[in-house]
$ cat upload.cif   # mmCIF, C-alpha atoms
data_run
#
loop_
_atom_site.group_PDB
_atom_site.id
_atom_site.type_symbol
_atom_site.label_atom_id
_atom_site.label_comp_id
_atom_site.auth_asym_id
_atom_site.auth_seq_id
_atom_site.Cartn_x
_atom_site.Cartn_y
_atom_site.Cartn_z
ATOM 1 C CA MET Q 7 103.077 100.680 119.014
ATOM 2 C CA LEU Q 8 102.491 98.951 122.309
ATOM 3 C CA VAL Q 9 105.013 100.068 124.929
ATOM 4 C CA LEU Q 10 105.815 97.947 127.984
ATOM 5 C CA ARG Q 11 108.306 98.676 130.735
ATOM 6 C CA ARG Q 12 110.367 95.652 131.900
ATOM 7 C CA LYS Q 13 113.215 95.008 134.342
ATOM 8 C CA LEU Q 14 116.187 92.653 134.108
ATOM 9 C CA ASN Q 15 115.074 89.006 133.888
ATOM 10 C CA GLU Q 16 111.484 89.998 133.214
ATOM 11 C CA SER Q 17 109.884 88.965 129.992
ATOM 12 C CA ILE Q 18 106.884 89.399 127.746
ATOM 13 C CA MET Q 19 104.754 86.841 125.940
ATOM 14 C CA ILE Q 20 103.771 87.288 122.309
ATOM 15 C CA GLY Q 21 100.849 85.008 121.665
ATOM 16 C CA ASP Q 22 100.904 81.633 123.387
ATOM 17 C CA ASN Q 23 104.378 80.478 122.538
ATOM 18 C CA ILE Q 24 106.814 83.336 122.037
ATOM 19 C CA GLU Q 25 108.650 84.689 125.057
ATOM 20 C CA VAL Q 26 111.103 87.584 124.943
ATOM 21 C CA LYS Q 27 113.230 88.069 128.051
ATOM 22 C CA ILE Q 28 115.646 90.832 129.121
ATOM 23 C CA LEU Q 29 118.843 88.901 129.910
ATOM 24 C CA GLU Q 30 121.418 91.627 130.350
ATOM 25 C CA MET Q 31 121.709 95.399 130.319
ATOM 26 C CA ASP Q 32 125.018 97.090 129.705
ATOM 27 C CA GLY Q 33 124.954 100.809 128.964
ATOM 28 C CA ASP Q 34 123.008 101.296 125.747
ATOM 29 C CA GLN Q 35 123.038 97.595 124.935
ATOM 30 C CA ILE Q 36 120.384 95.119 125.944
ATOM 31 C CA LYS Q 37 120.660 91.380 125.533
ATOM 32 C CA LEU Q 38 117.378 89.694 124.696
ATOM 33 C CA GLY Q 39 116.566 86.019 124.979
ATOM 34 C CA ILE Q 40 113.844 84.752 122.679
ATOM 35 C CA GLU Q 41 111.989 81.488 122.944
ATOM 36 C CA ALA Q 42 109.835 80.706 119.974
ATOM 37 C CA PRO Q 43 108.727 77.707 117.920
ATOM 38 C CA THR Q 44 111.457 76.680 115.469
ATOM 39 C CA ASP Q 45 109.321 77.480 112.425
ATOM 40 C CA ILE Q 46 109.365 81.165 113.347
ATOM 41 C CA ASP Q 47 112.203 83.074 111.689
ATOM 42 C CA ILE Q 48 113.934 85.611 113.925
ATOM 43 C CA PHE Q 49 116.278 88.256 112.526
ATOM 44 C CA ARG Q 50 117.789 91.546 113.508
ATOM 45 C CA SER Q 51 115.422 94.079 111.908
ATOM 46 C CA GLU Q 52 118.211 95.738 109.894
ATOM 47 C CA LEU Q 53 119.030 92.466 108.157
ATOM 48 C CA TYR Q 54 115.423 91.631 107.363
ATOM 49 C CA LYS Q 55 114.782 95.132 106.037
ATOM 50 C CA THR Q 56 117.947 95.030 103.918
ATOM 51 C CA ILE Q 57 116.750 91.830 102.253
ATOM 52 C CA GLN Q 58 113.255 93.295 101.765
ATOM 53 C CA GLN Q 59 114.739 96.372 100.114
ATOM 54 C CA GLU Q 60 117.036 94.318 97.907
ATOM 55 C CA ASN Q 61 114.066 92.172 96.798
ATOM 56 C CA ASN Q 62 112.104 95.306 96.019
ATOM 57 C CA LEU Q 63 114.984 96.661 93.962
ATOM 58 C CA ALA Q 64 115.450 93.362 92.151
ATOM 59 C CA ALA Q 65 111.740 93.082 91.352
ATOM 60 C CA THR Q 66 111.045 96.634 90.293
ATOM 61 C CA GLN Q 67 113.962 96.917 87.903
ATOM 62 C CA GLU Q 68 112.387 97.650 84.549
ATOM 63 C CA ILE Q 69 115.011 96.063 82.400
ATOM 64 C CA ASP Q 70 114.877 95.623 78.700
ATOM 65 C CA LEU Q 71 116.516 92.230 78.663
ATOM 66 C CA SER Q 72 116.916 92.133 74.919
ATOM 67 C CA THR Q 73 119.190 95.167 74.979
ATOM 68 C CA LEU Q 74 121.208 93.713 77.869
ATOM 69 C CA PHE Q 75 122.055 90.446 76.234
ATOM 70 C CA ASN Q 76 122.201 91.416 72.582
ATOM 71 C CA LYS Q 77 125.314 93.504 72.779
ATOM 72 C CA MET C 12 98.904 83.880 82.023
ATOM 73 C CA GLN C 13 100.734 87.173 81.549
ATOM 74 C CA THR C 14 104.422 87.382 82.395
ATOM 75 C CA LYS C 15 106.980 90.152 82.762
ATOM 76 C CA TYR C 16 109.548 88.835 80.285
ATOM 77 C CA HIS C 17 107.882 85.994 78.394
ATOM 78 C CA GLY C 18 104.680 87.543 77.074
ATOM 79 C CA THR C 19 101.640 85.339 77.497
ATOM 80 C CA ILE C 20 102.312 81.719 78.335
ATOM 81 C CA GLU C 21 100.360 78.608 79.192
ATOM 82 C CA LEU C 22 100.509 77.993 82.939
ATOM 83 C CA GLU C 23 101.121 74.391 83.902
ATOM 84 C CA GLU C 24 99.873 73.558 87.369
ATOM 85 C CA LYS C 25 102.567 70.955 87.803
ATOM 86 C CA SER C 26 105.356 73.473 87.386
ATOM 87 C CA MET C 27 104.054 75.838 90.067
ATOM 88 C CA ILE C 28 106.325 76.459 93.038
ATOM 89 C CA THR C 29 104.888 77.483 96.389
ATOM 90 C CA PHE C 30 106.567 79.970 98.703
ATOM 91 C CA GLU C 31 104.447 79.204 101.753
ATOM 92 C CA GLU C 32 105.590 82.350 103.585
ATOM 93 C CA GLY C 33 105.874 84.614 100.571
ATOM 94 C CA ILE C 34 109.141 86.426 99.920
ATOM 95 C CA PRO C 35 110.496 89.210 102.176
ATOM 96 C CA GLY C 36 108.978 92.396 100.804
ATOM 97 C CA PHE C 37 106.266 90.406 99.000
ATOM 98 C CA PRO C 38 104.484 88.451 101.763
ATOM 99 C CA ASP C 39 101.474 87.660 99.564
ATOM 100 C CA ALA C 40 103.463 86.363 96.600
ATOM 101 C CA LYS C 41 103.294 82.634 97.198
ATOM 102 C CA SER C 42 103.012 81.051 93.792
ATOM 103 C CA PHE C 43 105.700 81.210 91.116
ATOM 104 C CA VAL C 44 107.020 79.397 88.068
ATOM 105 C CA LEU C 45 110.599 79.113 86.812
ATOM 106 C CA LEU C 46 111.018 80.223 83.211
ATOM 107 C CA PRO C 47 114.386 80.017 81.460
ATOM 108 C CA LEU C 48 115.451 83.197 79.747
ATOM 109 C CA GLN C 49 115.584 82.710 75.990
ATOM 110 C CA GLN C 50 118.411 85.218 75.523
ATOM 111 C CA ASP C 51 120.786 83.469 77.892
ATOM 112 C CA ALA C 52 120.325 80.053 79.468
ATOM 113 C CA ALA C 53 122.441 81.033 82.491
ATOM 114 C CA PHE C 54 119.514 83.117 83.733
ATOM 115 C CA THR C 55 116.173 81.891 85.010
ATOM 116 C CA VAL C 56 113.134 84.035 85.714
ATOM 117 C CA LEU C 57 111.116 83.448 88.878
ATOM 118 C CA GLN C 58 107.721 84.664 87.702
ATOM 119 C CA SER C 59 104.740 85.222 89.999
ATOM 120 C CA THR C 60 101.677 83.383 88.718
ATOM 121 C CA GLU C 61 99.360 85.965 90.247
ATOM 122 C CA GLU C 62 101.119 89.234 89.511
ATOM 123 C CA PRO C 63 102.433 89.513 85.929
ATOM 124 C CA THR C 64 104.772 92.402 86.744
ATOM 125 C CA LEU C 65 106.431 90.551 89.630
ATOM 126 C CA ALA C 66 109.456 88.594 88.442
ATOM 127 C CA PHE C 67 112.984 88.033 89.686
ATOM 128 C CA ILE C 68 116.050 87.180 87.638
ATOM 129 C CA LEU C 69 117.853 84.192 89.136
ATOM 130 C CA VAL C 70 121.237 82.629 88.550
ATOM 131 C CA ASN C 71 122.994 79.573 89.831
ATOM 132 C CA PRO C 72 125.402 81.127 92.377
ATOM 133 C CA PHE C 73 127.927 78.296 91.998
ATOM 134 C CA GLU C 74 128.503 79.336 88.383
ATOM 135 C CA PHE C 75 130.183 82.584 89.363
ATOM 136 C CA LYS C 76 131.165 81.755 92.936
ATOM 137 C CA PRO C 77 132.274 78.101 92.998
ATOM 138 C CA ASP C 78 133.134 78.222 96.712
ATOM 139 C CA TYR C 79 129.676 79.527 97.689
ATOM 140 C CA GLU C 80 128.241 77.608 100.618
ATOM 141 C CA VAL C 81 124.786 77.469 102.104
ATOM 142 C CA ASN C 82 123.980 75.424 105.171
ATOM 143 C CA LEU C 83 120.324 74.536 105.236
ATOM 144 C CA PRO C 84 119.047 74.645 108.809
ATOM 145 C CA ASP C 85 117.056 71.556 109.832
ATOM 146 C CA LYS C 86 113.893 73.602 110.130
ATOM 147 C CA VAL C 87 114.215 74.666 106.477
ATOM 148 C CA VAL C 88 114.866 71.076 105.399
ATOM 149 C CA GLY C 89 111.700 70.158 107.296
ATOM 150 C CA LYS C 90 109.625 73.045 106.001
ATOM 151 C CA LEU C 91 110.473 72.291 102.377
ATOM 152 C CA ALA C 92 110.018 68.541 102.965
ATOM 153 C CA ILE C 93 113.521 67.842 101.655
ATOM 154 C CA THR C 94 114.470 64.179 101.888
ATOM 155 C CA GLU C 95 117.178 63.882 99.206
ATOM 156 C CA PRO C 96 119.998 66.297 98.340
ATOM 157 C CA ASP C 97 118.970 65.897 94.675
ATOM 158 C CA GLU C 98 115.684 67.647 95.379
ATOM 159 C CA VAL C 99 117.364 70.911 96.275
ATOM 160 C CA ALA C 100 118.048 73.724 93.847
ATOM 161 C CA ILE C 101 119.731 76.891 95.056
ATOM 162 C CA PHE C 102 119.387 80.163 93.196
ATOM 163 C CA THR C 103 120.485 83.721 93.790
ATOM 164 C CA ILE C 104 118.374 86.778 92.974
ATOM 165 C CA LEU C 105 120.076 89.338 90.770
ATOM 166 C CA THR C 106 119.573 93.066 91.016
ATOM 167 C CA VAL C 107 120.194 93.769 87.357
ATOM 168 C CA GLN C 108 121.771 97.123 86.609
ATOM 169 C CA SER C 109 122.564 98.991 83.479
ATOM 170 C CA PRO C 110 125.346 98.657 82.459
ATOM 171 C CA PHE C 111 125.059 94.952 83.201
ATOM 172 C CA GLU C 112 128.586 94.904 84.694
ATOM 173 C CA ASN C 113 127.179 96.686 87.780
ATOM 174 C CA THR C 114 124.671 93.925 88.447
ATOM 175 C CA THR C 115 124.719 92.499 91.968
ATOM 176 C CA ALA C 116 123.699 89.136 93.386
ATOM 177 C CA ASN C 117 121.984 88.647 96.725
ATOM 178 C CA LEU C 118 124.233 85.932 98.129
ATOM 179 C CA GLN C 119 122.954 86.530 101.642
ATOM 180 C CA ALA C 120 119.421 85.472 100.813
ATOM 181 C CA PRO C 121 119.454 82.471 98.461
ATOM 182 C CA VAL C 122 116.249 81.016 97.072
ATOM 183 C CA VAL C 123 116.028 77.375 98.105
ATOM 184 C CA ILE C 124 113.674 75.229 96.054
ATOM 185 C CA ASN C 125 112.597 71.651 96.548
ATOM 186 C CA ILE C 126 112.177 70.943 92.844
ATOM 187 C CA GLU C 127 110.454 67.608 93.428
ATOM 188 C CA LYS C 128 107.872 68.826 95.909
ATOM 189 C CA GLN C 129 107.732 72.349 94.487
ATOM 190 C CA GLN C 130 108.160 74.061 97.836
ATOM 191 C CA ALA C 131 110.487 77.040 98.175
ATOM 192 C CA LYS C 132 111.762 79.669 100.554
ATOM 193 C CA GLN C 133 114.098 82.608 100.423
ATOM 194 C CA LEU C 134 116.574 81.816 103.157
ATOM 195 C CA ILE C 135 118.152 84.762 104.992
ATOM 196 C CA LEU C 136 121.636 83.806 106.168
ATOM 197 C CA THR C 137 122.583 85.309 109.528
ATOM 198 C CA ASP C 138 126.219 85.713 110.546
ATOM 199 C CA SER C 139 127.094 85.035 106.933
ATOM 200 C CA PRO C 140 130.234 86.078 105.056
ATOM 201 C CA TYR C 141 128.029 86.974 102.070
ATOM 202 C CA THR C 142 126.323 90.255 101.274
ATOM 203 C CA PRO C 143 123.031 91.075 99.581
ATOM 204 C CA LYS C 144 124.965 93.124 97.017
ATOM 205 C CA HIS C 145 127.723 90.880 95.752
ATOM 206 C CA HIS C 146 129.208 92.332 92.575
ATOM 207 C CA LEU C 147 128.821 89.745 89.906
ATOM 208 C CA PHE C 148 131.778 90.824 87.844
ATOM 209 C CA LYS C 149 134.314 91.773 90.497
ATOM 210 C CA GLN C 150 136.296 88.534 90.380
ATOM 211 C CA ARG C 151 135.843 88.087 86.684
ATOM 212 C CA ASN C 152 137.505 90.165 84.042
ATOM 213 C CA SER C 153 134.752 91.927 82.207
ATOM 214 C CA PRO C 154 135.466 92.568 78.525
ATOM 215 C CA ASN C 155 135.678 96.297 79.289
ATOM 216 C CA ARG C 156 138.256 95.856 81.981
ATOM 217 C CA ARG C 157 140.402 93.611 79.834
ATOM 218 C CA GLU C 158 140.340 96.253 77.156
ATOM 219 C CA SER C 159 141.498 98.982 79.506
ATOM 220 C CA ASN C 160 144.227 96.737 80.935
ATOM 221 C CA ALA C 161 145.529 96.085 77.448
ATOM 222 C CA ARG C 162 145.568 99.766 76.730
ATOM 223 C CA SER C 163 147.486 100.651 79.892
ATOM 224 C CA THR C 164 150.252 98.145 79.089
ATOM 225 C CA THR C 165 150.904 99.475 75.590
#

$ encode --input "upload.cif" --output "structure tokens"
Amino acid sequence: MLVLRRKLNESIMIGDNIEVKILEMDGDQIKLGIEAPTDIDIFRSELYKTIQQENNLAATQEIDLSTLFNK
Amino acid sequence: MQTKYHGTIELEEKSMITFEEGIPGFPDAKSFVLLPLQQDAAFTVLQSTEEPTLAFILVNPFEFKPDYEVNLPDKVVGKLAITEPDEVAIFTILTVQSPFENTTANLQAPVVINIEKQQAKQLILTDSPYTPKHHLFKQRNSPNRRESNARSTT
């Protein structure tokens, strides 16, 4: 993992068109501002990972459908 | 082609649906077909055309949650080339459990399909009142529950 040290109001560029800026620091909370093209989806990691995990669960279920519906 | 629930079927190019960005957890799975489930027409299988073992069970969320609401952001409307409301089909992925009464629906990440242009995306709803593990049978009286209610009143 690349590690960069930044101060309030400083930012980083990811590629040519994504900018992530430190907007506010308050104790253990940091407010980030993100500028990116609209076709880029941005989520809190927890949410994205939750959906990934749920998709994995949904897809890997080895269900015998005939036994489920023929009761 | 081989499928997870339908044996071997004839793949029709015109029924293929493209998930340009893949599906969270399956970034390379971009091409699917919708196959109705013979056992129960309420369920549809989203079958990968490239990976026979990759298939999701879908339902129409409005069937069991009539007040379900999804706002399609403009960028999604643009990405899926949606021009008419009629082109849009919304599905929910089920995490099927045994017993079936424990099955959950991922209401927080609906599958949005432009059925005319065969473009689709799993939309992740942020700041949404819905969860990825919505119990399908909570609001409904399952046959089992009705039975136990009847017993407790006698």

$ resolve_selection --input "upload.cif" --expression "the PyMOL selection byres ((chain C) within 6 of (chain Q))" --output "number ranges by chain"
C: 35-36, 66-67, 106

$ atom_distance --input "upload.cif" --atom1 "atom CA of C:Thr137" --atom2 "atom CA of Q:Glu41"
17.5 Å

$ resolve_selection --input "upload.cif" --expression "the PyMOL selection byres ((chain Q and resi 39) around 12)" --output "ChimeraX atom specification"
/Q:14-19,24-31,36-38,40-42,48

$ closest_residue --input "upload.cif" --among "C:Ala40, C:Ala131, C:Val56, C:Leu45" --to "C:Tyr16" --atoms "only C-alpha atoms"
C:Val56

$ residues_near_point --input "upload.cif" --point "(119.0, 80.9, 101.9)" --cutoff "7 Å" --atoms "all atoms listed in the file" --output "list in words"
Val81, Gln119, Ala120, Pro121, Val122, Val123, Gln133, Leu134, Ile135 and Leu136 of chain C

$ residues_around --input "upload.cif" --residues "C:Asn71" --least-positions-apart "6" --cutoff "7 Å" --atoms "only C-alpha atoms" --output "list of chain:residue names"
C:Ile101, C:Phe102, C:Thr103

$ axis_aligned_box --input "upload.cif" --around "stretch 95-100 of chain C" --padding-each-side "6 Å" --output "JSON"
{"center_x": 117.8, "center_y": 68.8, "center_z": 96.5, "size_x": 16.3, "size_y": 21.8, "size_z": 17.4}

$ closest_residue --input "upload.cif" --among "C:Leu118, C:Leu48, C:Ile126, C:Ile68" --to "C:Ile93" --atoms "only C-alpha atoms"
C:Ile126

$ atom_distance --input "upload.cif" --atom1 "atom CA of C:Leu22" --atom2 "atom CA of C:Pro63"
12.1 Å

$ residues_around --input "upload.cif" --residues "C:Thr29" --least-positions-apart "2" --cutoff "8 Å" --atoms "only C-alpha atoms" --output "ChimeraX atom specification"
/C:27,31,41-43,129-131

$ atom_distance --input "upload.cif" --atom1 "atom CA of C:Glu127" --atom2 "atom CA of C:Ala92"
9.6 Å

$ closest_residue --input "upload.cif" --among "C:Leu105, C:Ala116, C:Leu91, C:Leu65" --to "C:Val44" --atoms "all atoms listed in the file"
C:Leu65

$ residues_near_point --input "upload.cif" --point "(132.5, 79.8, 92.3)" --cutoff "12 Å" --atoms "only C-alpha atoms" --output "list in words"
Asn71, Pro72, Phe73, Glu74, Phe75, Lys76, Pro77, Asp78, Tyr79, Glu80, Leu118, Leu147, Phe148, Gln150 and Arg151 of chain C

$ closest_residue --input "upload.cif" --among "C:Asp85, C:Asp97, C:Glu32, C:Glu21" --to "C:Thr60" --atoms "all atoms listed in the file"
C:Glu21
